[in-house]
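Novice: The structure file final_36.cif (mmCIF, C-alpha atoms (C1' of nucleotides)) is provided below.
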```cif
data_structure
#
loop_
_atom_site.label_atom_id
_atom_site.label_comp_id
_atom_site.auth_asym_id
_atom_site.auth_seq_id
_atom_site.Cartn_x
_atom_site.Cartn_y
_atom_site.Cartn_z
CA MET J 1 72.25 144.39 2.68
CA ASP J 2 75.80 145.48 3.19
CA THR J 3 74.99 149.12 2.76
CA ASN J 4 77.87 151.51 2.77
CA ALA J 5 76.30 154.77 3.69
CA ALA J 6 79.37 155.79 5.66
CA GLY J 7 81.80 154.74 2.95
CA MET J 8 83.34 151.77 1.31
CA ALA J 9 82.34 148.37 2.56
CA GLU J 10 83.50 146.39 -0.42
CA PRO J 11 85.45 143.31 0.59
CA ILE J 12 89.18 143.86 0.81
CA ASP J 13 91.25 141.61 -1.36
CA PHE J 14 93.69 140.30 1.18
CA ARG J 15 95.92 138.83 -1.47
CA HIS J 16 97.32 142.15 -2.54
CA HIS J 17 98.18 144.95 -0.21
CA LEU J 18 100.34 147.91 -0.89
CA THR J 19 103.66 147.86 0.86
CA ALA J 20 105.11 150.92 2.47
CA ASP J 21 107.35 151.46 -0.53
CA GLY J 22 104.58 151.17 -3.06
CA GLY J 23 105.39 147.64 -4.11
CA ARG J 24 103.06 144.71 -3.76
CA ILE J 25 103.17 141.74 -1.50
CA CYS J 26 101.02 138.68 -1.37
CA ALA J 27 99.73 137.12 1.82
CA ARG J 28 99.74 133.69 0.24
CA MET J 29 103.41 133.94 -0.61
CA ILE J 30 104.29 135.11 2.86
CA CYS J 31 102.35 132.23 4.30
CA ARG J 32 104.13 129.75 2.10
CA THR J 33 107.47 131.02 3.36
CA LEU J 34 106.19 130.98 6.91
CA ASP J 35 105.12 127.38 6.48
CA LEU J 36 108.72 126.59 5.72
CA ILE J 37 110.41 128.41 8.56
CA ALA J 38 107.72 128.51 11.20
CA ASN J 39 108.18 125.13 12.75
CA LYS J 40 109.94 124.71 16.00
CA TRP J 41 113.43 124.08 14.71
CA ALA J 42 113.84 125.53 11.23
CA VAL J 43 115.15 128.90 12.38
CA PRO J 44 117.70 127.51 14.83
CA ILE J 45 118.91 125.12 12.15
CA ILE J 46 119.24 127.85 9.56
CA LEU J 47 121.07 130.15 11.94
CA THR J 48 123.40 127.37 13.00
CA LEU J 49 124.26 126.55 9.41
CA ALA J 50 124.64 130.25 8.66
CA ALA J 51 127.07 130.69 11.53
CA ALA J 52 129.06 127.69 10.37
CA ARG J 53 129.24 128.97 6.82
CA GLN J 54 130.40 132.33 8.09
CA GLN J 55 133.09 130.84 10.28
CA ARG J 56 134.38 128.33 7.78
CA PRO J 57 132.95 128.75 4.31
CA ASP J 58 135.00 125.84 3.01
CA ARG J 59 133.66 123.09 5.21
CA PRO J 60 129.98 122.07 5.61
CA MET J 61 128.51 120.66 8.80
CA ARG J 62 128.10 117.01 9.53
CA PHE J 63 124.85 115.66 10.84
CA SER J 64 126.42 114.93 14.20
CA GLU J 65 127.79 118.44 14.45
CA LEU J 66 124.36 119.89 13.93
CA SER J 67 123.04 117.47 16.47
CA ARG J 68 125.56 118.62 19.04
CA ALA J 69 124.98 122.28 18.27
CA LEU J 70 121.24 121.81 18.77
CA PRO J 71 121.15 119.40 21.70
CA LEU J 72 117.42 119.55 22.27
CA ILE J 73 116.19 118.55 18.87
CA THR J 74 115.56 114.87 18.28
CA GLN J 75 117.27 113.08 15.43
CA LYS J 76 113.96 112.47 13.79
CA GLU J 77 113.03 116.14 13.78
CA LEU J 78 116.48 117.22 12.67
CA THR J 79 116.30 114.82 9.75
CA LYS J 80 112.82 115.91 8.82
CA GLN J 81 113.59 119.62 8.94
CA LEU J 82 116.80 119.23 6.97
CA ARG J 83 114.92 117.28 4.34
CA SER J 84 112.24 119.90 4.01
CA LEU J 85 114.78 122.72 3.88
CA GLU J 86 116.71 120.75 1.29
CA ALA J 87 113.59 120.24 -0.79
CA ALA J 88 113.04 123.98 -0.82
CA GLY J 89 116.64 124.56 -1.86
CA LEU J 90 117.70 126.40 1.27
CA VAL J 91 120.03 123.67 2.42
CA GLY J 92 122.46 121.48 0.47
CA ARG J 93 123.20 117.88 1.33
CA HIS J 94 125.96 115.56 0.31
CA VAL J 95 126.35 111.91 1.22
CA HIS J 96 129.84 110.49 1.27
CA ALA J 97 129.70 106.81 0.41
CA ALA J 98 131.99 105.60 3.12
CA VAL J 99 132.14 103.70 6.35
CA PRO J 100 131.27 105.14 8.73
CA PRO J 101 128.61 107.13 6.86
CA ARG J 102 129.17 110.82 6.56
CA VAL J 103 126.55 113.31 5.49
CA GLU J 104 127.21 116.98 5.19
CA TYR J 105 124.83 119.91 5.17
CA TRP J 106 125.33 123.52 4.27
CA LEU J 107 123.30 126.63 3.72
CA THR J 108 122.87 127.39 0.04
CA ASP J 109 123.00 130.87 -1.42
CA LEU J 110 119.24 130.85 -1.39
CA GLY J 111 119.36 130.00 2.31
CA VAL J 112 121.84 132.79 2.95
CA SER J 113 119.55 135.22 1.17
CA LEU J 114 116.99 134.61 3.86
CA ARG J 115 119.22 135.97 6.57
CA PRO J 116 118.35 139.65 6.19
CA VAL J 117 114.72 138.68 6.61
CA LEU J 118 115.48 136.72 9.75
CA ASP J 119 117.57 139.63 10.97
CA ALA J 120 114.62 141.95 10.46
CA LEU J 121 112.42 139.54 12.35
CA GLY J 122 115.01 139.31 15.09
CA ARG J 123 115.36 143.05 15.44
CA TRP J 124 111.62 143.54 15.61
CA SER J 125 111.35 140.77 18.18
CA ALA J 126 114.11 142.25 20.27
CA GLU J 127 112.52 145.68 20.19
CA ASN J 128 108.93 144.65 20.71
CA GLY J 129 109.18 141.36 22.49
CA PRO J 130 109.18 143.04 25.92
CA ALA J 131 106.10 145.11 25.05
CA MET J 132 104.31 142.01 23.85
CA ALA J 133 105.27 140.12 26.96
CA ALA J 134 103.92 142.97 29.08
CA ASN J 135 100.64 142.90 27.18
CA LEU J 136 100.31 139.17 27.63
CA GLN J 137 101.04 139.57 31.33
CA GLN J 138 98.35 142.22 31.68
CA LYS J 139 95.74 140.01 30.06
CA GLN J 140 96.68 137.11 32.26
CA ASP J 141 96.47 139.26 35.35
CA ALA J 142 93.07 140.51 34.28
CA VAL J 143 91.87 136.96 33.84
CA ALA J 144 93.32 135.94 37.18
CA ALA J 145 91.66 138.90 38.91
CA ALA J 146 88.30 137.94 37.43
CA GLU J 147 88.45 134.58 39.15
CA MET V 1 136.20 111.80 19.89
CA ASP V 2 135.19 115.10 18.46
CA THR V 3 138.71 115.95 17.49
CA ASN V 4 139.21 119.28 15.85
CA ALA V 5 142.43 118.85 13.98
CA ALA V 6 141.08 120.85 11.09
CA GLY V 7 139.61 123.57 13.24
CA MET V 8 136.92 124.40 15.71
CA ALA V 9 134.36 121.76 16.52
CA GLU V 10 133.01 123.36 19.65
CA PRO V 11 129.22 123.39 19.73
CA ILE V 12 127.69 126.51 18.25
CA ASP V 13 125.44 128.45 20.56
CA PHE V 14 122.40 128.82 18.37
CA ARG V 15 120.87 131.41 20.67
CA HIS V 16 123.18 134.16 19.58
CA HIS V 17 124.34 134.71 16.06
CA LEU V 18 125.88 137.79 14.62
CA THR V 19 123.66 139.65 12.25
CA ALA V 20 124.95 141.11 9.03
CA ASP V 21 125.19 144.52 10.66
CA GLY V 22 127.09 143.32 13.69
CA GLY V 23 124.12 143.35 16.02
CA ARG V 24 122.82 140.30 17.78
CA ILE V 25 119.66 138.36 17.28
CA CYS V 26 118.25 135.49 19.21
CA ALA V 27 116.67 132.43 17.68
CA ARG V 28 114.35 132.09 20.63
CA MET V 29 112.99 135.58 20.15
CA ILE V 30 112.46 135.01 16.45
CA CYS V 31 110.67 131.79 17.25
CA ARG V 32 108.41 133.52 19.74
CA THR V 33 107.39 136.04 17.10
CA LEU V 34 106.93 133.27 14.58
CA ASP V 35 104.67 131.44 16.99
CA LEU V 36 102.45 134.49 16.87
CA ILE V 37 102.29 135.13 13.16
CA ALA V 38 103.03 131.73 11.69
CA ASN V 39 99.61 130.19 11.88
CA LYS V 40 97.46 129.90 8.86
CA TRP V 41 95.55 133.12 9.16
CA ALA V 42 97.47 135.64 11.25
CA VAL V 43 99.22 137.28 8.31
CA PRO V 44 96.12 137.70 6.16
CA ILE V 45 94.29 139.14 9.15
CA ILE V 46 97.07 141.60 9.92
CA LEU V 47 97.36 142.69 6.31
CA THR V 48 93.63 143.13 6.04
CA LEU V 49 93.51 145.27 9.14
CA ALA V 50 96.53 147.19 7.92
CA ALA V 51 94.86 147.92 4.62
CA ALA V 52 91.72 149.07 6.39
CA ARG V 53 93.67 151.35 8.68
CA GLN V 54 95.46 152.81 5.71
CA GLN V 55 92.28 153.44 3.77
CA ARG V 56 90.25 154.82 6.64
CA PRO V 57 92.28 155.50 9.77
CA ASP V 58 89.21 156.78 11.56
CA ARG V 59 87.06 153.68 11.43
CA PRO V 60 87.99 150.19 12.68
CA MET V 61 86.70 146.99 11.12
CA ARG V 62 83.73 145.03 12.30
CA PHE V 63 83.92 141.33 12.84
CA SER V 64 81.61 140.70 9.92
CA GLU V 65 83.70 142.90 7.67
CA LEU V 66 86.77 140.89 8.47
CA SER V 67 84.79 137.76 7.86
CA ARG V 68 83.74 138.96 4.44
CA ALA V 69 87.22 140.14 3.55
CA LEU V 70 88.61 136.72 4.48
CA PRO V 71 85.90 134.42 3.21
CA LEU V 72 87.76 131.17 3.74
CA ILE V 73 88.55 131.48 7.43
CA THR V 74 86.05 129.94 9.80
CA GLN V 75 84.47 132.06 12.48
CA LYS V 76 86.12 129.99 15.12
CA GLU V 77 89.57 130.55 13.71
CA LEU V 78 88.96 134.23 13.12
CA THR V 79 87.88 134.68 16.71
CA LYS V 80 90.80 132.69 18.03
CA GLN V 81 93.39 134.52 15.99
CA LEU V 82 91.97 137.93 16.84
CA ARG V 83 92.09 137.03 20.49
CA SER V 84 95.66 135.92 20.36
CA LEU V 85 96.72 138.99 18.40
CA GLU V 86 94.84 141.12 20.87
CA ALA V 87 96.59 139.44 23.77
CA ALA V 88 99.94 140.28 22.22
CA GLY V 89 98.86 143.87 21.73
CA LEU V 90 98.96 143.85 17.94
CA VAL V 91 95.21 144.25 17.59
CA GLY V 92 92.75 146.40 19.49
CA ARG V 93 89.19 145.34 20.24
CA HIS V 94 86.15 147.26 21.33
CA VAL V 95 82.73 145.87 22.15
CA HIS V 96 79.74 148.14 21.69
CA ALA V 97 77.05 147.12 24.15
CA ALA V 98 74.16 147.26 21.76
CA VAL V 99 71.67 145.14 19.91
CA PRO V 100 72.69 143.81 17.52
CA PRO V 101 76.13 143.30 18.99
CA ARG V 102 78.94 145.18 17.37
CA VAL V 103 82.60 144.44 17.88
CA GLU V 104 85.35 146.38 16.23
CA TYR V 105 88.96 145.49 15.62
CA TRP V 106 91.90 147.57 14.51
CA LEU V 107 95.62 147.25 14.13
CA THR V 108 97.48 148.94 16.96
CA ASP V 109 100.68 150.92 16.51
CA LEU V 110 102.56 147.85 17.62
CA GLY V 111 100.80 145.91 14.92
CA VAL V 112 101.64 148.54 12.35
CA SER V 113 105.28 148.36 13.36
CA LEU V 114 105.31 144.78 12.17
CA ARG V 115 104.53 145.74 8.61
CA PRO V 116 108.09 146.43 7.45
CA VAL V 117 108.99 142.97 8.64
CA LEU V 118 106.11 141.43 6.72
CA ASP V 119 107.08 143.50 3.72
CA ALA V 120 110.60 142.11 3.90
CA LEU V 121 109.17 138.62 4.13
CA GLY V 122 106.88 139.36 1.22
CA ARG V 123 109.64 140.71 -0.96
CA TRP V 124 111.86 137.74 -0.26
CA SER V 125 108.98 135.39 -0.97
CA ALA V 126 108.15 137.13 -4.22
CA GLU V 127 111.77 137.00 -5.33
CA ASN V 128 112.57 133.49 -4.24
CA GLY V 129 109.22 131.76 -4.21
CA PRO V 130 109.55 130.70 -7.85
CA ALA V 131 113.04 129.30 -7.25
CA MET V 132 111.79 127.37 -4.25
CA ALA V 133 108.83 126.05 -6.19
CA ALA V 134 111.19 124.91 -8.94
CA ASN V 135 113.35 123.12 -6.41
CA LEU V 136 110.36 121.38 -4.89
CA GLN V 137 109.21 120.36 -8.35
CA GLN V 138 112.62 118.90 -9.17
CA LYS V 139 112.64 116.78 -6.03
CA GLN V 140 109.15 115.55 -6.72
CA ASP V 141 110.08 114.65 -10.27
CA ALA V 142 113.14 112.80 -9.02
CA VAL V 143 110.99 110.84 -6.60
CA ALA V 144 108.46 110.10 -9.32
CA ALA V 145 111.18 108.95 -11.70
CA ALA V 146 112.57 106.59 -9.07
CA GLU V 147 109.26 104.77 -8.91
"C1'" DC E 1 75.63 139.93 14.83
"C1'" DT E 2 79.18 137.91 17.32
"C1'" DG E 3 80.61 134.66 19.06
"C1'" DA E 4 80.87 129.98 22.38
"C1'" DA E 5 80.53 124.87 22.47
"C1'" DT E 6 81.09 120.53 20.56
"C1'" DC E 7 82.89 116.98 17.72
"C1'" DC E 8 86.10 115.42 14.49
"C1'" DT E 9 90.27 114.98 11.40
"C1'" DT E 10 94.86 116.26 10.30
"C1'" DT E 11 99.34 117.60 11.42
"C1'" DG E 12 103.31 118.43 14.43
"C1'" DT E 13 106.34 116.79 17.81
"C1'" DG E 14 108.54 113.65 20.93
"C1'" DA E 15 110.29 108.98 22.91
"C1'" DT E 16 112.14 104.81 21.93
"C1'" DA E 17 114.14 101.14 19.59
"C1'" DC E 18 116.30 99.26 15.55
"C1'" DT E 19 119.58 99.08 11.17
"C1'" DG E 20 123.19 99.39 7.16
"C1'" DC P 1 127.26 107.65 11.95
"C1'" DA P 2 123.13 108.74 10.14
"C1'" DG P 3 119.40 107.66 9.83
"C1'" DT P 4 114.31 104.66 9.67
"C1'" DA P 5 110.17 102.60 12.05
"C1'" DT P 6 106.81 102.63 15.34
"C1'" DC P 7 103.90 104.35 18.88
"C1'" DA P 8 101.83 107.98 21.40
"C1'" DC P 9 100.21 112.44 22.38
"C1'" DA P 10 99.15 117.38 21.83
"C1'" DA P 11 97.89 121.07 19.08
"C1'" DA P 12 95.86 123.09 14.85
"C1'" DG P 13 92.24 123.52 12.11
"C1'" DG P 14 87.45 122.68 10.16
"C1'" DA P 15 82.23 121.74 10.33
"C1'" DT P 16 78.30 122.29 12.67
"C1'" DT P 17 75.21 123.73 16.14
"C1'" DC P 18 73.61 126.76 19.79
"C1'" DA P 19 73.07 131.32 22.42
"C1'" DG P 20 72.85 136.30 24.17
#
```
Would you kindly transcribe this structure into structure tokens?
Specialist:
Amino acid sequence: MDTNAAGMAEPIDFRHHLTADGGRICARMICRTLDLIANKWAVPIILTLAAARQQRPDRPMRFSELSRALPLITQKELTKQLRSLEAAGLVGRHVHAAVPPRVEYWLTDLGVSLRPVLDALGRWSAENGPAMAANLQQKQDAVAAAE
Amino acid sequence: MDTNAAGMAEPIDFRHHLTADGGRICARMICRTLDLIANKWAVPIILTLAAARQQRPDRPMRFSELSRALPLITQKELTKQLRSLEAAGLVGRHVHAAVPPRVEYWLTDLGVSLRPVLDALGRWSAENGPAMAANLQQKQDAVAAAE
DNA sequence: CTGAATCCTTTGTGATACTG
DNA sequence: CAGTATCACAAAGGATTCAG
């Protein structure tokens, strides 16, 4: 029956929620962005390219440089992530037709524009990561005690 | 040989990059947060709970309310996500021992503190989503034309 | 009403070897 | 050097059924 004697029970439209500053954000849009950057290696890759661009704006990074900077990622994953970031326009790619092959990657302006967002995420994580870890620990302890 | 005649080629430590404001952020921390909120339904759930808390701070949301507000999520996923958010301390949960059962969920203060970050993500997505979509379209067209 | 349990498909990720 | 191809495995997510 869905009665709402105590007040509103109408379904909340999750696609549009007021932001703190009165603007509007859309969960679907956020999720689309998250899909892009929420895999295991996208953020490290973006930050690495960002650092390189900051240190030497003139010269992009070669594939092998990225590979050395991120020693744990496999070539396959690195390639895949770079391709998907390139498709979205966050990363630029240039192939030099030469022997040996030489492919360069750089963070585009669009990619750079994402940095403040990552910074915000990083600050929140730094501030609240410990609290979250403590919470997780508590739950685990509770589970362990129950056994 | 990794020569660096033209300048530094030393591997970049991707764990620490300077932020725009001179602080430090850590890719690992960002990734840990992303692991939490980067699944298909975490953001919609958080925003829904946030909206509810804003509209009626006194009364949490029942499981069935959440389910109605997010019609496309399966019960299994909703339960799983709520549990994981609860474990991290972003969501509170209270079981009323009654028949019929009644379980309430609400966004904790920690959860609320995440909103500015989501807002930043949302704003960036709203601003740059169209550009990204255009880029993706271009690539797809290029692929289609090559066939 | 609020889940838990089960089965199933899709996707993500990694290891390894091979190539222009 | 910068990939591609292949295999394998784990995790995510969905559909359905059952239970207190």
Novice: Assuming the chain letters and numbering stay as they are in my file, what does the PyMOL selection byres ((chain V and resi 72) around 12) actually select? List them as a list in words.
Specialist: Phe14 of chain J; Lys40, Trp41, Pro44, Ile45, Leu66, Ser67, Arg68, Ala69, Leu70, Pro71, Ile73, Thr74, Gln75, Lys76, Glu77 and Leu78 of chain V; DG14 of chain P
Novice: As a check of understanding, name the residues that the PyMOL selection byres ((chain V) within 7 of (chain E)) selects in the supplied structure, as a list in words.
Specialist: Pro100, Pro101 and Arg102 of chain V
Novice: Work out how far atom CA of J:Ser125 is from atom CA of V:Ile30, in Å to one decimal.
Specialist: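 Distance reported for this atom pair: 6.1 Å.
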Novice: Could you list, as a list in words, every residue of chain P that has an atom within 12 Å of an atom of chain V, counting only C-alpha atoms (C1' of nucleotides)?
Specialist: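 Therefore, the residues near the partner are DA11, DA12, DG13, DG14, DA15, DT16 and DG20 of chain P.
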Novice: If you apply the PyMOL selection byres ((chain J) within 7 of (chain V)) to this file, what residues do you get, as a ChimeraX atom specification?
Specialist: /J:11-14,17,19,25-27,29-30,33-34,38,43-44,47-48,51,68-69,87-89,117,119-123,125-126,132,135-136,139
Novice: Can you give chain V as a compact mmCIF listing (two decimals) with C-alpha atoms, in the frame of the given file after you superpose it on chain J, pairing all C-alpha atoms in order for the least-squares fit?
Specialist:
```txt
# COMPACT_ATOMS: atom_id res chain seq x y z
CA MET V 1 72.35 144.94 4.02
CA ASP V 2 75.96 145.91 3.93
CA THR V 3 75.15 149.52 3.32
CA ASN V 4 78.08 151.83 2.96
CA ALA V 5 76.64 155.19 3.79
CA ALA V 6 79.78 156.14 5.63
CA GLY V 7 82.12 154.84 2.98
CA MET V 8 83.44 151.76 1.31
CA ALA V 9 82.36 148.41 2.63
CA GLU V 10 83.44 146.36 -0.34
CA PRO V 11 85.35 143.25 0.67
CA ILE V 12 89.09 143.76 0.86
CA ASP V 13 91.14 141.49 -1.33
CA PHE V 14 93.61 140.18 1.20
CA ARG V 15 95.83 138.72 -1.50
CA HIS V 16 97.21 142.04 -2.57
CA HIS V 17 98.09 144.84 -0.24
CA LEU V 18 100.23 147.82 -0.95
CA THR V 19 103.54 147.76 0.78
CA ALA V 20 105.01 150.83 2.39
CA ASP V 21 107.19 151.40 -0.65
CA GLY V 22 104.38 151.10 -3.15
CA GLY V 23 105.23 147.59 -4.24
CA ARG V 24 102.90 144.67 -3.88
CA ILE V 25 103.07 141.69 -1.63
CA CYS V 26 100.89 138.66 -1.47
CA ALA V 27 99.64 137.07 1.71
CA ARG V 28 99.69 133.67 0.09
CA MET V 29 103.35 133.97 -0.77
CA ILE V 30 104.22 135.10 2.73
CA CYS V 31 102.28 132.18 4.11
CA ARG V 32 104.11 129.74 1.87
CA THR V 33 107.44 131.02 3.17
CA LEU V 34 106.14 130.91 6.71
CA ASP V 35 105.10 127.31 6.23
CA LEU V 36 108.74 126.59 5.52
CA ILE V 37 110.41 128.44 8.35
CA ALA V 38 107.69 128.59 10.97
CA ASN V 39 108.12 125.20 12.53
CA LYS V 40 109.84 124.79 15.80
CA TRP V 41 113.34 124.18 14.58
CA ALA V 42 113.81 125.60 11.09
CA VAL V 43 115.11 128.97 12.25
CA PRO V 44 117.64 127.61 14.73
CA ILE V 45 118.87 125.19 12.09
CA ILE V 46 119.24 127.91 9.48
CA LEU V 47 121.02 130.23 11.88
CA THR V 48 123.35 127.47 12.97
CA LEU V 49 124.25 126.62 9.42
CA ALA V 50 124.64 130.31 8.65
CA ALA V 51 127.03 130.76 11.53
CA ALA V 52 129.04 127.76 10.42
CA ARG V 53 129.25 129.02 6.87
CA GLN V 54 130.39 132.38 8.13
CA GLN V 55 133.07 130.93 10.36
CA ARG V 56 134.39 128.38 7.91
CA PRO V 57 133.01 128.77 4.39
CA ASP V 58 135.09 125.86 3.19
CA ARG V 59 133.69 123.13 5.39
CA PRO V 60 130.02 122.11 5.73
CA MET V 61 128.52 120.73 8.92
CA ARG V 62 128.09 117.09 9.73
CA PHE V 63 124.83 115.74 10.98
CA SER V 64 126.33 115.04 14.38
CA GLU V 65 127.71 118.55 14.60
CA LEU V 66 124.29 119.99 14.00
CA SER V 67 122.92 117.61 16.56
CA ARG V 68 125.42 118.79 19.14
CA ALA V 69 124.87 122.44 18.32
CA LEU V 70 121.12 121.97 18.76
CA PRO V 71 120.99 119.60 21.69
CA LEU V 72 117.25 119.76 22.26
CA ILE V 73 116.04 118.76 18.81
CA THR V 74 115.37 115.08 18.30
CA GLN V 75 117.12 113.24 15.52
CA LYS V 76 113.84 112.63 13.83
CA GLU V 77 112.96 116.29 13.74
CA LEU V 78 116.43 117.31 12.66
CA THR V 79 116.30 114.88 9.77
CA LYS V 80 112.83 115.96 8.78
CA GLN V 81 113.60 119.65 8.86
CA LEU V 82 116.84 119.24 6.94
CA ARG V 83 115.00 117.30 4.30
CA SER V 84 112.33 119.89 3.90
CA LEU V 85 114.85 122.72 3.77
CA GLU V 86 116.82 120.74 1.25
CA ALA V 87 113.74 120.22 -0.87
CA ALA V 88 113.17 123.96 -0.95
CA GLY V 89 116.78 124.52 -1.93
CA LEU V 90 117.81 126.40 1.20
CA VAL V 91 120.13 123.65 2.38
CA GLY V 92 122.57 121.47 0.49
CA ARG V 93 123.29 117.86 1.40
CA HIS V 94 126.08 115.52 0.46
CA VAL V 95 126.44 111.88 1.43
CA HIS V 96 129.93 110.44 1.60
CA ALA V 97 129.75 106.74 0.82
CA ALA V 98 132.02 105.57 3.57
CA VAL V 99 132.08 103.71 6.84
CA PRO V 100 131.18 105.23 9.16
CA PRO V 101 128.60 107.15 7.19
CA ARG V 102 129.17 110.84 6.83
CA VAL V 103 126.57 113.32 5.70
CA GLU V 104 127.24 117.00 5.35
CA TYR V 105 124.86 119.92 5.24
CA TRP V 106 125.39 123.54 4.33
CA LEU V 107 123.36 126.64 3.72
CA THR V 108 122.98 127.37 0.03
CA ASP V 109 123.10 130.86 -1.46
CA LEU V 110 119.33 130.82 -1.47
CA GLY V 111 119.42 130.02 2.20
CA VAL V 112 121.88 132.81 2.85
CA SER V 113 119.60 135.23 1.04
CA LEU V 114 117.02 134.61 3.72
CA ARG V 115 119.22 135.99 6.45
CA PRO V 116 118.31 139.67 6.06
CA VAL V 117 114.70 138.67 6.45
CA LEU V 118 115.46 136.72 9.61
CA ASP V 119 117.52 139.63 10.84
CA ALA V 120 114.55 141.94 10.33
CA LEU V 121 112.37 139.49 12.21
CA GLY V 122 114.97 139.26 14.94
CA ARG V 123 115.30 143.00 15.32
CA TRP V 124 111.56 143.47 15.50
CA SER V 125 111.31 140.67 18.04
CA ALA V 126 114.08 142.13 20.16
CA GLU V 127 112.47 145.55 20.09
CA ASN V 128 108.90 144.50 20.62
CA GLY V 129 109.17 141.18 22.39
CA PRO V 130 109.19 142.82 25.82
CA ALA V 131 106.12 144.90 24.98
CA MET V 132 104.32 141.81 23.76
CA ALA V 133 105.30 139.88 26.85
CA ALA V 134 103.97 142.72 29.00
CA ASN V 135 100.69 142.67 27.12
CA LEU V 136 100.35 138.93 27.55
CA GLN V 137 101.10 139.30 31.24
CA GLN V 138 98.43 141.97 31.63
CA LYS V 139 95.79 139.78 30.02
CA GLN V 140 96.75 136.86 32.18
CA ASP V 141 96.57 138.99 35.29
CA ALA V 142 93.16 140.26 34.25
CA VAL V 143 91.96 136.71 33.79
CA ALA V 144 93.42 135.69 37.13
CA ALA V 145 91.79 138.65 38.87
CA ALA V 146 88.41 137.73 37.40
CA GLU V 147 88.56 134.35 39.09
```
Novice: Could you work out how far atom CA of V:Trp106 lies from atom CA of V:Lys80, giving the answer in Å with one decimal?
Specialist: 15.3 Å
Novice: Suppose you want the space between atom CA of J:Phe63 and atom CA of J:Asp109; what is it in Å?
Specialist: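 Those two atoms sit 19.6 Å apart.
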Novice: To test the calculation: enclose all listed atoms of stretch 40-45 of chain V in a box whose edges run along x, y and z, add 6 Å on each side, then state centre and edge lengths in Å to one decimal, as AutoDock Vina command-line options.
Specialist:
```
--center_x 96.8 --center_y 134.5 --center_z 8.7 --size_x 16.9 --size_y 21.2 --size_z 17.1
```
